[in-house]
Amino acid sequence: HAFARMSFMFTVLSKRKLTWFVEQGLVTGWDDARMPTVRGVVRRGVNVPALRKFIYSQGASRRIVNMEWNKFWAENKREIDKCAKRFMAIDKKQHATLTVTNGPAEGDNSYMAADYHPKDPSLGSRVIKLGKEILLETVDVEGITVGEDIVLLRWGVVKITKV
């Protein structure tokens with residue numbers, strides 16, 4: 001059987017041309033995360049089973065296949081999603097404070113347990129501290145109006161009474 005070459009849009013895959021980048025010192029080596037090599041994409045965070053799955057999904061063909069990187073990264077995301085723990089973070093500079101009037105009082109140590117992965121409790125859980133003040137991303141609160149209900153993950157529905 002003969003297999004065709006797999007190409008990626010807007011990407012140089014020629015070993016001869018990639019060697020020039022390595023020899024000129026423009027990249028740290030064949031495993032540089034900017035290189036479109038197996039070692040490069042693995043260093044960039046690609047899960048090896050996802051890489052294998054992506055290649056198998058292309059099937060056997062004699063035609064040159066021009067692939068797009070977004071399909072490659074989507075397959076990687078699907079594979080990593082199965083085992084990646086979930087964390088929350090808020091931008092230190094771009095946030096707004098929401099005050100929950102009937103939330104836990106200051107000094108009241110209220111906590112709740114939350115699974116790291118909503119579909120896979122075997123990954124463990126973490127403790128989340130609850131309080132009257134909650135930080136929200138600025139972009140998430142733009143356009144919120146008085147009387148509107150918003151949903152806070154693992155908290156519940158909150159009615160906006162003042163902006």
# chains A, B, ... in the order shown; residues from 1 in each chain; ligands from 1

$ residues_around --residues "Gly124 in chain A" --least-positions-apart "3" --cutoff "10 Å" --atoms "only C-alpha atoms" --output "compact mmCIF listing (two decimals) with C-alpha atoms, in the first residue's frame"
# COMPACT_ATOMS: atom_id res chain seq x y z
CA LYS A 85 -8.99 18.83 36.21
CA ALA A 113 -16.66 20.53 48.06
CA ALA A 114 -16.48 20.55 44.27
CA ASP A 115 -15.26 17.79 41.95
CA TYR A 116 -12.22 18.61 39.83
CA HIS A 117 -14.05 17.14 36.83
CA ASP A 120 -15.27 12.07 36.51
CA PRO A 121 -15.35 12.21 40.34

$ closest_atom_pairs --of "range 53-160 of chain A" --to "range 30-42 of chain A" --cutoff "12 Å" --atoms "only C-alpha atoms" --output "Markdown table"
| residue | atom | partner | partner_atom | distance |
| --- | --- | --- | --- | --- |
| A:Ile55 | CA | A:Val38 | CA | 11.6 |
| A:Trp69 | CA | A:Pro36 | CA | 10.3 |
| A:Phe72 | CA | A:Val41 | CA | 10.4 |
| A:Trp73 | CA | A:Val41 | CA | 10.0 |
| A:Asn76 | CA | A:Val42 | CA | 10.5 |

$ write_last_selection --atoms "N, CA and C atoms" --output "mmCIF file, in the first residue's frame"
data_model
loop_
_atom_site.group_PDB
_atom_site.id
_atom_site.type_symbol
_atom_site.label_atom_id
_atom_site.label_comp_id
_atom_site.auth_asym_id
_atom_site.auth_seq_id
_atom_site.Cartn_x
_atom_site.Cartn_y
_atom_site.Cartn_z
ATOM 1 N N ILE A 55 -4.051 10.980 13.409
ATOM 2 C CA ILE A 55 -3.430 10.374 12.220
ATOM 3 C C ILE A 55 -4.277 9.212 11.705
ATOM 4 N N TRP A 69 -4.814 23.122 11.124
ATOM 5 C CA TRP A 69 -4.349 22.912 12.492
ATOM 6 C C TRP A 69 -5.502 22.867 13.493
ATOM 7 N N PHE A 72 -6.612 19.452 14.218
ATOM 8 C CA PHE A 72 -5.592 18.757 15.009
ATOM 9 C C PHE A 72 -5.722 19.127 16.485
ATOM 10 N N TRP A 73 -5.829 20.431 16.773
ATOM 11 C CA TRP A 73 -5.926 20.881 18.163
ATOM 12 C C TRP A 73 -7.265 20.484 18.778
ATOM 13 N N ASN A 76 -6.913 17.003 20.031
ATOM 14 C CA ASN A 76 -6.119 17.027 21.260
ATOM 15 C C ASN A 76 -6.976 17.469 22.441
#

$ residues_around --residues "Glu133 in chain A" --least-positions-apart "4" --cutoff "7 Å" --atoms "only C-alpha atoms" --output "MDAnalysis selection string"
chainID A and resid 97:100

$ select_by_dssp --residues "chain A" --states "alpha helix (DSSP H)" --output "JSON list (two decimals) with all heavy atoms, in the first residue's frame"
[["chain", "number", "residue", "atom", "x", "y", "z"],
["A", 15, "LYS", "N", 11.73, 18.62, 5.53],
["A", 15, "LYS", "CA", 12.84, 18.44, 6.47],
["A", 15, "LYS", "C", 14.02, 19.31, 6.08],
["A", 15, "LYS", "O", 14.70, 19.88, 6.94],
["A", 15, "LYS", "CB", 13.25, 16.96, 6.51],
["A", 15, "LYS", "CG", 14.29, 16.66, 7.56],
["A", 15, "LYS", "CD", 14.60, 15.19, 7.64],
["A", 15, "LYS", "CE", 15.72, 14.94, 8.64],
["A", 15, "LYS", "NZ", 16.11, 13.55, 8.65],
["A", 16, "ARG", "N", 14.26, 19.45, 4.79],
["A", 16, "ARG", "CA", 15.37, 20.28, 4.32],
["A", 16, "ARG", "C", 15.17, 21.73, 4.74],
["A", 16, "ARG", "O", 16.09, 22.39, 5.22],
["A", 16, "ARG", "CB", 15.49, 20.18, 2.79],
["A", 16, "ARG", "CG", 16.61, 21.00, 2.19],
["A", 16, "ARG", "CD", 16.69, 20.82, 0.68],
["A", 16, "ARG", "NE", 15.45, 21.08, -0.03],
["A", 16, "ARG", "CZ", 15.03, 22.30, -0.38],
["A", 16, "ARG", "NH1", 15.72, 23.36, -0.07],
["A", 16, "ARG", "NH2", 13.90, 22.43, -1.03],
["A", 17, "LYS", "N", 13.97, 22.24, 4.60],
["A", 17, "LYS", "CA", 13.69, 23.64, 4.97],
["A", 17, "LYS", "C", 13.68, 23.83, 6.48],
["A", 17, "LYS", "O", 14.13, 24.85, 6.98],
["A", 17, "LYS", "CB", 12.36, 24.09, 4.34],
["A", 17, "LYS", "CG", 12.46, 24.20, 2.83],
["A", 17, "LYS", "CD", 11.14, 24.59, 2.22],
["A", 17, "LYS", "CE", 11.28, 24.64, 0.70],
["A", 17, "LYS", "NZ", 9.99, 24.87, 0.04],
["A", 18, "LEU", "N", 13.17, 22.85, 7.22],
["A", 18, "LEU", "CA", 13.16, 22.95, 8.69],
["A", 18, "LEU", "C", 14.58, 22.86, 9.25],
["A", 18, "LEU", "O", 14.89, 23.50, 10.26],
["A", 18, "LEU", "CB", 12.28, 21.87, 9.30],
["A", 18, "LEU", "CG", 10.77, 22.00, 9.03],
["A", 18, "LEU", "CD1", 10.02, 20.80, 9.58],
["A", 18, "LEU", "CD2", 10.22, 23.29, 9.59],
["A", 19, "THR", "N", 15.45, 22.08, 8.58],
["A", 19, "THR", "CA", 16.85, 21.98, 9.00],
["A", 19, "THR", "C", 17.52, 23.35, 8.99],
["A", 19, "THR", "O", 18.32, 23.67, 9.86],
["A", 19, "THR", "CB", 17.63, 21.00, 8.09],
["A", 19, "THR", "OG1", 16.99, 19.72, 8.16],
["A", 19, "THR", "CG2", 19.08, 20.86, 8.51],
["A", 20, "TRP", "N", 17.18, 24.20, 8.01],
["A", 20, "TRP", "CA", 17.75, 25.55, 7.92],
["A", 20, "TRP", "C", 17.45, 26.33, 9.20],
["A", 20, "TRP", "O", 18.32, 27.02, 9.73],
["A", 20, "TRP", "CB", 17.17, 26.27, 6.69],
["A", 20, "TRP", "CG", 17.73, 27.64, 6.51],
["A", 20, "TRP", "CD1", 18.88, 27.99, 5.88],
["A", 20, "TRP", "CD2", 17.14, 28.87, 6.99],
["A", 20, "TRP", "NE1", 19.07, 29.35, 5.93],
["A", 20, "TRP", "CE2", 18.01, 29.91, 6.60],
["A", 20, "TRP", "CE3", 15.99, 29.17, 7.68],
["A", 20, "TRP", "CZ2", 17.75, 31.24, 6.90],
["A", 20, "TRP", "CZ3", 15.73, 30.49, 7.99],
["A", 20, "TRP", "CH2", 16.60, 31.51, 7.59],
["A", 21, "PHE", "N", 16.20, 26.25, 9.71],
["A", 21, "PHE", "CA", 15.84, 26.96, 10.94],
["A", 21, "PHE", "C", 16.68, 26.48, 12.13],
["A", 21, "PHE", "O", 17.11, 27.27, 12.96],
["A", 21, "PHE", "CB", 14.35, 26.77, 11.26],
["A", 21, "PHE", "CG", 13.43, 27.53, 10.36],
["A", 21, "PHE", "CD1", 12.83, 26.91, 9.28],
["A", 21, "PHE", "CD2", 13.19, 28.88, 10.58],
["A", 21, "PHE", "CE1", 11.98, 27.62, 8.44],
["A", 21, "PHE", "CE2", 12.34, 29.60, 9.75],
["A", 21, "PHE", "CZ", 11.74, 28.96, 8.67],
["A", 22, "VAL", "N", 16.91, 25.16, 12.19],
["A", 22, "VAL", "CA", 17.70, 24.59, 13.28],
["A", 22, "VAL", "C", 19.15, 25.03, 13.16],
["A", 22, "VAL", "O", 19.76, 25.49, 14.13],
["A", 22, "VAL", "CB", 17.59, 23.04, 13.30],
["A", 22, "VAL", "CG1", 18.51, 22.44, 14.35],
["A", 22, "VAL", "CG2", 16.15, 22.60, 13.54],
["A", 23, "GLU", "N", 19.72, 24.93, 11.95],
["A", 23, "GLU", "CA", 21.13, 25.29, 11.74],
["A", 23, "GLU", "C", 21.39, 26.78, 11.94],
["A", 23, "GLU", "O", 22.48, 27.16, 12.37],
["A", 23, "GLU", "CB", 21.58, 24.86, 10.34],
["A", 23, "GLU", "CG", 21.71, 23.35, 10.21],
["A", 23, "GLU", "CD", 22.00, 22.89, 8.79],
["A", 23, "GLU", "OE1", 21.93, 23.72, 7.85],
["A", 23, "GLU", "OE2", 22.27, 21.69, 8.63],
["A", 38, "VAL", "N", 6.85, 16.02, 15.42],
["A", 38, "VAL", "CA", 6.19, 15.27, 16.48],
["A", 38, "VAL", "C", 6.75, 15.73, 17.83],
["A", 38, "VAL", "O", 5.99, 16.02, 18.76],
["A", 38, "VAL", "CB", 6.36, 13.74, 16.30],
["A", 38, "VAL", "CG1", 5.87, 12.99, 17.52],
["A", 38, "VAL", "CG2", 5.62, 13.28, 15.05],
["A", 39, "ARG", "N", 8.07, 15.83, 17.94],
["A", 39, "ARG", "CA", 8.68, 16.27, 19.20],
["A", 39, "ARG", "C", 8.26, 17.70, 19.54],
["A", 39, "ARG", "O", 8.05, 18.03, 20.71],
["A", 39, "ARG", "CB", 10.20, 16.16, 19.11],
["A", 39, "ARG", "CG", 10.66, 14.72, 19.16],
["A", 39, "ARG", "CD", 12.11, 14.50, 18.85],
["A", 39, "ARG", "NE", 13.02, 15.39, 19.56],
["A", 39, "ARG", "CZ", 14.30, 15.51, 19.25],
["A", 39, "ARG", "NH1", 14.82, 14.79, 18.27],
["A", 39, "ARG", "NH2", 15.07, 16.33, 19.93],
["A", 40, "GLY", "N", 8.10, 18.55, 18.54],
["A", 40, "GLY", "CA", 7.71, 19.94, 18.77],
["A", 40, "GLY", "C", 6.29, 20.07, 19.28],
["A", 40, "GLY", "O", 6.03, 20.79, 20.24],
["A", 41, "VAL", "N", 5.36, 19.36, 18.65],
["A", 41, "VAL", "CA", 3.96, 19.48, 19.08],
["A", 41, "VAL", "C", 3.72, 18.78, 20.41],
["A", 41, "VAL", "O", 2.88, 19.23, 21.19],
["A", 41, "VAL", "CB", 2.95, 19.00, 17.99],
["A", 41, "VAL", "CG1", 3.00, 19.88, 16.77],
["A", 41, "VAL", "CG2", 3.15, 17.55, 17.64],
["A", 42, "VAL", "N", 4.48, 17.72, 20.70],
["A", 42, "VAL", "CA", 4.35, 17.06, 22.00],
["A", 42, "VAL", "C", 4.85, 18.02, 23.08],
["A", 42, "VAL", "O", 4.24, 18.16, 24.14],
["A", 42, "VAL", "CB", 5.11, 15.72, 22.04],
["A", 42, "VAL", "CG1", 5.28, 15.20, 23.45],
["A", 42, "VAL", "CG2", 4.38, 14.69, 21.18],
["A", 43, "ARG", "N", 5.94, 18.72, 22.80],
["A", 43, "ARG", "CA", 6.45, 19.70, 23.77],
["A", 43, "ARG", "C", 5.47, 20.85, 23.95],
["A", 43, "ARG", "O", 5.40, 21.47, 25.00],
["A", 43, "ARG", "CB", 7.80, 20.23, 23.29],
["A", 43, "ARG", "CG", 8.47, 21.10, 24.31],
["A", 43, "ARG", "CD", 9.93, 21.28, 24.01],
["A", 43, "ARG", "NE", 10.47, 22.26, 24.93],
["A", 43, "ARG", "CZ", 11.43, 23.09, 24.63],
["A", 43, "ARG", "NH1", 11.97, 23.04, 23.43],
["A", 43, "ARG", "NH2", 11.86, 23.95, 25.50],
["A", 48, "VAL", "N", -0.03, 12.33, 23.23],
["A", 48, "VAL", "CA", 0.38, 11.35, 22.21],
["A", 48, "VAL", "C", -0.79, 10.50, 21.72],
["A", 48, "VAL", "O", -0.94, 10.29, 20.51],
["A", 48, "VAL", "CB", 1.56, 10.49, 22.70],
["A", 48, "VAL", "CG1", 1.90, 9.39, 21.71],
["A", 48, "VAL", "CG2", 2.78, 11.36, 22.95],
["A", 49, "PRO", "N", -1.68, 10.01, 22.59],
["A", 49, "PRO", "CA", -2.84, 9.27, 22.07],
["A", 49, "PRO", "C", -3.72, 10.13, 21.15],
["A", 49, "PRO", "O", -4.29, 9.62, 20.18],
["A", 49, "PRO", "CB", -3.62, 8.88, 23.34],
["A", 49, "PRO", "CG", -2.59, 8.84, 24.41],
["A", 49, "PRO", "CD", -1.61, 9.93, 24.06],
["A", 50, "ALA", "N", -3.81, 11.43, 21.41],
["A", 50, "ALA", "CA", -4.59, 12.32, 20.54],
["A", 50, "ALA", "C", -3.91, 12.44, 19.18],
["A", 50, "ALA", "O", -4.58, 12.45, 18.14],
["A", 50, "ALA", "CB", -4.73, 13.70, 21.16],
["A", 51, "LEU", "N", -2.59, 12.51, 19.17],
["A", 51, "LEU", "CA", -1.83, 12.57, 17.91],
["A", 51, "LEU", "C", -2.07, 11.30, 17.10],
["A", 51, "LEU", "O", -2.37, 11.36, 15.90],
["A", 51, "LEU", "CB", -0.34, 12.75, 18.22],
["A", 51, "LEU", "CG", 0.62, 12.72, 17.04],
["A", 51, "LEU", "CD1", 0.33, 13.85, 16.07],
["A", 51, "LEU", "CD2", 2.06, 12.82, 17.54],
["A", 52, "ARG", "N", -1.99, 10.18, 17.76],
["A", 52, "ARG", "CA", -2.20, 8.89, 17.10],
["A", 52, "ARG", "C", -3.63, 8.80, 16.54],
["A", 52, "ARG", "O", -3.84, 8.41, 15.40],
["A", 52, "ARG", "CB", -1.94, 7.77, 18.11],
["A", 52, "ARG", "CG", -1.82, 6.41, 17.49],
["A", 52, "ARG", "CD", -1.40, 5.36, 18.51],
["A", 52, "ARG", "NE", 0.00, 5.52, 18.88],
["A", 52, "ARG", "CZ", 0.43, 5.70, 20.13],
["A", 52, "ARG", "NH1", -0.40, 5.70, 21.13],
["A", 52, "ARG", "NH2", 1.71, 5.85, 20.36],
["A", 53, "LYS", "N", -4.61, 9.24, 17.34],
["A", 53, "LYS", "CA", -6.01, 9.20, 16.94],
["A", 53, "LYS", "C", -6.25, 10.10, 15.72],
["A", 53, "LYS", "O", -6.98, 9.74, 14.80],
["A", 53, "LYS", "CB", -6.89, 9.64, 18.10],
["A", 53, "LYS", "CG", -8.28, 9.15, 18.09],
["A", 53, "LYS", "CD", -8.94, 9.51, 19.42],
["A", 53, "LYS", "CE", -10.18, 8.72, 19.63],
["A", 53, "LYS", "NZ", -10.82, 9.05, 20.90],
["A", 54, "PHE", "N", -5.62, 11.28, 15.73],
["A", 54, "PHE", "CA", -5.76, 12.21, 14.62],
["A", 54, "PHE", "C", -5.21, 11.59, 13.33],
["A", 54, "PHE", "O", -5.85, 11.64, 12.28],
["A", 54, "PHE", "CB", -5.04, 13.52, 14.92],
["A", 54, "PHE", "CG", -5.04, 14.48, 13.76],
["A", 54, "PHE", "CD1", -6.18, 15.22, 13.47],
["A", 54, "PHE", "CD2", -3.92, 14.63, 12.96],
["A", 54, "PHE", "CE1", -6.19, 16.10, 12.40],
["A", 54, "PHE", "CE2", -3.94, 15.50, 11.89],
["A", 54, "PHE", "CZ", -5.07, 16.24, 11.62],
["A", 55, "ILE", "N", -4.05, 10.98, 13.41],
["A", 55, "ILE", "CA", -3.43, 10.37, 12.22],
["A", 55, "ILE", "C", -4.28, 9.21, 11.71],
["A", 55, "ILE", "O", -4.53, 9.10, 10.51],
["A", 55, "ILE", "CB", -1.99, 9.94, 12.52],
["A", 55, "ILE", "CG1", -1.12, 11.19, 12.73],
["A", 55, "ILE", "CG2", -1.42, 9.08, 11.39],
["A", 55, "ILE", "CD1", 0.25, 10.92, 13.27],
["A", 56, "TYR", "N", -4.77, 8.37, 12.61],
["A", 56, "TYR", "CA", -5.63, 7.26, 12.20],
["A", 56, "TYR", "C", -6.92, 7.76, 11.57],
["A", 56, "TYR", "O", -7.46, 7.14, 10.65],
["A", 56, "TYR", "CB", -5.96, 6.34, 13.37],
["A", 56, "TYR", "CG", -4.82, 5.50, 13.88],
["A", 56, "TYR", "CD1", -4.79, 5.06, 15.19],
["A", 56, "TYR", "CD2", -3.76, 5.13, 13.06],
["A", 56, "TYR", "CE1", -3.75, 4.28, 15.68],
["A", 56, "TYR", "CE2", -2.72, 4.36, 13.52],
["A", 56, "TYR", "CZ", -2.70, 3.94, 14.83],
["A", 56, "TYR", "OH", -1.67, 3.18, 15.30],
["A", 57, "SER", "N", -7.43, 8.87, 12.05],
["A", 57, "SER", "CA", -8.70, 9.39, 11.52],
["A", 57, "SER", "C", -8.57, 9.87, 10.07],
["A", 57, "SER", "O", -9.58, 9.98, 9.38],
["A", 57, "SER", "CB", -9.21, 10.54, 12.40],
["A", 57, "SER", "OG", -8.44, 11.70, 12.18],
["A", 58, "GLN", "N", -7.35, 10.11, 9.62],
["A", 58, "GLN", "CA", -7.15, 10.55, 8.23],
["A", 58, "GLN", "C", -7.32, 9.40, 7.25],
["A", 58, "GLN", "O", -7.66, 9.61, 6.09],
["A", 58, "GLN", "CB", -5.76, 11.19, 8.05],
["A", 58, "GLN", "CG", -5.49, 12.35, 8.98],
["A", 58, "GLN", "CD", -6.64, 13.32, 9.05],
["A", 58, "GLN", "OE1", -7.10, 13.83, 8.04],
["A", 58, "GLN", "NE2", -7.14, 13.56, 10.25],
["A", 69, "TRP", "N", -4.81, 23.12, 11.12],
["A", 69, "TRP", "CA", -4.35, 22.91, 12.49],
["A", 69, "TRP", "C", -5.50, 22.87, 13.49],
["A", 69, "TRP", "O", -5.43, 22.16, 14.49],
["A", 69, "TRP", "CB", -3.35, 24.00, 12.89],
["A", 69, "TRP", "CG", -1.98, 23.75, 12.35],
["A", 69, "TRP", "CD1", -1.39, 24.40, 11.31],
["A", 69, "TRP", "CD2", -1.03, 22.78, 12.80],
["A", 69, "TRP", "NE1", -0.14, 23.90, 11.08],
["A", 69, "TRP", "CE2", 0.11, 22.90, 11.99],
["A", 69, "TRP", "CE3", -1.04, 21.82, 13.80],
["A", 69, "TRP", "CZ2", 1.24, 22.11, 12.15],
["A", 69, "TRP", "CZ3", 0.09, 21.03, 13.97],
["A", 69, "TRP", "CH2", 1.20, 21.17, 13.16],
["A", 70, "ASN", "N", -6.58, 23.62, 13.23],
["A", 70, "ASN", "CA", -7.67, 23.65, 14.22],
["A", 70, "ASN", "C", -8.29, 22.27, 14.41],
["A", 70, "ASN", "O", -8.73, 21.92, 15.50],
["A", 70, "ASN", "CB", -8.72, 24.71, 13.88],
["A", 70, "ASN", "CG", -9.39, 24.48, 12.55],
["A", 70, "ASN", "OD1", -9.01, 23.60, 11.78],
["A", 70, "ASN", "ND2", -10.39, 25.28, 12.26],
["A", 71, "LYS", "N", -8.32, 21.42, 13.38],
["A", 71, "LYS", "CA", -8.84, 20.06, 13.53],
["A", 71, "LYS", "C", -7.90, 19.22, 14.40],
["A", 71, "LYS", "O", -8.33, 18.41, 15.21],
["A", 71, "LYS", "CB", -9.02, 19.40, 12.17],
["A", 71, "LYS", "CG", -10.12, 20.03, 11.35],
["A", 71, "LYS", "CD", -10.26, 19.37, 10.00],
["A", 71, "LYS", "CE", -11.33, 20.07, 9.18],
["A", 71, "LYS", "NZ", -11.42, 19.55, 7.83],
["A", 72, "PHE", "N", -6.61, 19.45, 14.22],
["A", 72, "PHE", "CA", -5.59, 18.76, 15.01],
["A", 72, "PHE", "C", -5.72, 19.13, 16.48],
["A", 72, "PHE", "O", -5.77, 18.27, 17.35],
["A", 72, "PHE", "CB", -4.21, 19.14, 14.47],
["A", 72, "PHE", "CG", -3.07, 18.56, 15.24],
["A", 72, "PHE", "CD1", -2.74, 17.23, 15.11],
["A", 72, "PHE", "CD2", -2.31, 19.36, 16.07],
["A", 72, "PHE", "CE1", -1.68, 16.69, 15.81],
["A", 72, "PHE", "CE2", -1.24, 18.84, 16.77],
["A", 72, "PHE", "CZ", -0.93, 17.50, 16.64],
["A", 73, "TRP", "N", -5.83, 20.43, 16.77],
["A", 73, "TRP", "CA", -5.93, 20.88, 18.16],
["A", 73, "TRP", "C", -7.26, 20.48, 18.78],
["A", 73, "TRP", "O", -7.35, 20.22, 19.98],
["A", 73, "TRP", "CB", -5.70, 22.39, 18.26],
["A", 73, "TRP", "CG", -4.30, 22.77, 17.90],
["A", 73, "TRP", "CD1", -3.89, 23.51, 16.84],
["A", 73, "TRP", "CD2", -3.10, 22.38, 18.58],
["A", 73, "TRP", "NE1", -2.52, 23.61, 16.81],
["A", 73, "TRP", "CE2", -2.02, 22.92, 17.88],
["A", 73, "TRP", "CE3", -2.85, 21.62, 19.72],
["A", 73, "TRP", "CZ2", -0.70, 22.74, 18.27],
["A", 73, "TRP", "CZ3", -1.53, 21.44, 20.11],
["A", 73, "TRP", "CH2", -0.47, 21.99, 19.40],
["A", 74, "ALA", "N", -8.32, 20.40, 17.98],
["A", 74, "ALA", "CA", -9.63, 19.98, 18.49],
["A", 74, "ALA", "C", -9.57, 18.53, 18.95],
["A", 74, "ALA", "O", -10.16, 18.18, 19.99],
["A", 74, "ALA", "CB", -10.70, 20.17, 17.42],
["A", 75, "GLU", "N", -8.88, 17.69, 18.21],
["A", 75, "GLU", "CA", -8.73, 16.28, 18.61],
["A", 75, "GLU", "C", -7.94, 16.18, 19.91],
["A", 75, "GLU", "O", -8.27, 15.41, 20.80],
["A", 75, "GLU", "CB", -8.02, 15.48, 17.51],
["A", 75, "GLU", "CG", -7.91, 14.00, 17.80],
["A", 75, "GLU", "CD", -9.25, 13.32, 17.92],
["A", 75, "GLU", "OE1", -10.10, 13.51, 17.03],
["A", 75, "GLU", "OE2", -9.45, 12.58, 18.91],
["A", 76, "ASN", "N", -6.91, 17.00, 20.03],
["A", 76, "ASN", "CA", -6.12, 17.03, 21.26],
["A", 76, "ASN", "C", -6.98, 17.47, 22.44],
["A", 76, "ASN", "O", -6.91, 16.89, 23.52],
["A", 76, "ASN", "CB", -4.92, 17.97, 21.09],
["A", 76, "ASN", "CG", -3.95, 17.85, 22.24],
["A", 76, "ASN", "OD1", -3.47, 16.78, 22.56],
["A", 76, "ASN", "ND2", -3.68, 18.97, 22.88],
["A", 77, "LYS", "N", -7.80, 18.47, 22.23],
["A", 77, "LYS", "CA", -8.67, 18.97, 23.30],
["A", 77, "LYS", "C", -9.65, 17.90, 23.75],
["A", 77, "LYS", "O", -9.88, 17.71, 24.95],
["A", 77, "LYS", "CB", -9.43, 20.21, 22.82],
["A", 77, "LYS", "CG", -10.28, 20.83, 23.88],
["A", 77, "LYS", "CD", -10.99, 22.07, 23.36],
["A", 77, "LYS", "CE", -11.88, 22.65, 24.43],
["A", 77, "LYS", "NZ", -12.63, 23.81, 23.99],
["A", 78, "ARG", "N", -10.23, 17.16, 22.80],
["A", 78, "ARG", "CA", -11.17, 16.08, 23.14],
["A", 78, "ARG", "C", -10.49, 15.02, 24.00],
["A", 78, "ARG", "O", -11.09, 14.51, 24.94],
["A", 78, "ARG", "CB", -11.72, 15.43, 21.87],
["A", 78, "ARG", "CG", -12.99, 16.05, 21.36],
["A", 78, "ARG", "CD", -13.65, 15.20, 20.29],
["A", 78, "ARG", "NE", -12.84, 15.02, 19.11],
["A", 78, "ARG", "CZ", -12.75, 15.90, 18.11],
["A", 78, "ARG", "NH1", -13.45, 17.01, 18.16],
["A", 78, "ARG", "NH2", -11.99, 15.67, 17.07],
["A", 79, "GLU", "N", -9.25, 14.71, 23.67],
["A", 79, "GLU", "CA", -8.52, 13.67, 24.41],
["A", 79, "GLU", "C", -8.15, 14.15, 25.82],
["A", 79, "GLU", "O", -8.31, 13.44, 26.79],
["A", 79, "GLU", "CB", -7.28, 13.26, 23.62],
["A", 79, "GLU", "CG", -6.69, 11.94, 24.00],
["A", 79, "GLU", "CD", -7.59, 10.76, 23.72],
["A", 79, "GLU", "OE1", -8.39, 10.77, 22.78],
["A", 79, "GLU", "OE2", -7.48, 9.79, 24.49],
["A", 80, "ILE", "N", -7.66, 15.38, 25.91],
["A", 80, "ILE", "CA", -7.25, 15.93, 27.20],
["A", 80, "ILE", "C", -8.45, 16.19, 28.10],
["A", 80, "ILE", "O", -8.37, 16.06, 29.32],
["A", 80, "ILE", "CB", -6.42, 17.23, 27.00],
["A", 80, "ILE", "CG1", -5.06, 16.88, 26.41],
["A", 80, "ILE", "CG2", -6.26, 18.00, 28.29],
["A", 80, "ILE", "CD1", -4.22, 18.07, 26.04],
["A", 81, "ASP", "N", -9.58, 16.54, 27.50],
["A", 81, "ASP", "CA", -10.79, 16.85, 28.27],
["A", 81, "ASP", "C", -11.21, 15.70, 29.18],
["A", 81, "ASP", "O", -11.80, 15.93, 30.23],
["A", 81, "ASP", "CB", -11.93, 17.22, 27.31],
["A", 81, "ASP", "CG", -13.16, 17.67, 28.05],
["A", 81, "ASP", "OD1", -13.06, 18.66, 28.82],
["A", 81, "ASP", "OD2", -14.22, 17.04, 27.88],
["A", 138, "THR", "N", -14.69, 41.11, 34.29],
["A", 138, "THR", "CA", -15.33, 42.35, 33.85],
["A", 138, "THR", "C", -16.19, 42.12, 32.60],
["A", 138, "THR", "O", -17.31, 42.61, 32.51],
["A", 138, "THR", "CB", -14.27, 43.43, 33.56],
["A", 138, "THR", "OG1", -13.47, 43.59, 34.74],
["A", 138, "THR", "CG2", -14.91, 44.76, 33.23],
["A", 139, "VAL", "N", -15.68, 41.35, 31.65],
["A", 139, "VAL", "CA", -16.43, 41.11, 30.41],
["A", 139, "VAL", "C", -17.73, 40.34, 30.67],
["A", 139, "VAL", "O", -18.68, 40.47, 29.92],
["A", 139, "VAL", "CB", -15.59, 40.37, 29.34],
["A", 139, "VAL", "CG1", -14.42, 41.20, 28.88],
["A", 139, "VAL", "CG2", -15.08, 39.02, 29.86],
["A", 140, "ASP", "N", -17.76, 39.56, 31.75],
["A", 140, "ASP", "CA", -18.97, 38.80, 32.07],
["A", 140, "ASP", "C", -20.06, 39.67, 32.68],
["A", 140, "ASP", "O", -21.23, 39.30, 32.66],
["A", 140, "ASP", "CB", -18.64, 37.65, 33.02],
["A", 140, "ASP", "CG", -17.80, 36.57, 32.37],
["A", 140, "ASP", "OD1", -17.81, 36.49, 31.12],
["A", 140, "ASP", "OD2", -17.14, 35.81, 33.09],
["A", 141, "VAL", "N", -19.69, 40.80, 33.28],
["A", 141, "VAL", "CA", -20.69, 41.64, 33.95],
["A", 141, "VAL", "C", -21.12, 42.84, 33.11],
["A", 141, "VAL", "O", -22.06, 43.54, 33.48],
["A", 141, "VAL", "CB", -20.20, 42.12, 35.33],
["A", 141, "VAL", "CG1", -19.96, 40.94, 36.25],
["A", 141, "VAL", "CG2", -18.98, 42.99, 35.23]]

$ atom_distance --atom1 "CA of Arg154 in chain A" --atom2 "CA of Pro104 in chain A"
14.8 Å

$ atom_distance --atom1 "CA of Gln24 in chain A" --atom2 "CA of Arg44 in chain A"
21.4 Å

$ select_by_dssp --residues "range 7-143 of chain A" --states "strand (DSSP E or B)" --output "list in words"
Ser7, Phe8, Val65, Asn66, Met67, His95, Ala96, Thr97, Leu98, Thr99, Ser110, Tyr111, Met112, Ala113, Ala114, Asp115, Ser125, Arg126, Val127, Ile128, Lys129, Leu130, Glu133, Ile134, Leu135, Leu136 and Glu137 of chain A

$ closest_residue --among "A:Val163, A:Gly45, A:Met9, A:Ser110" --to "Gly143 in chain A" --atoms "only C-alpha atoms"
A:Val163
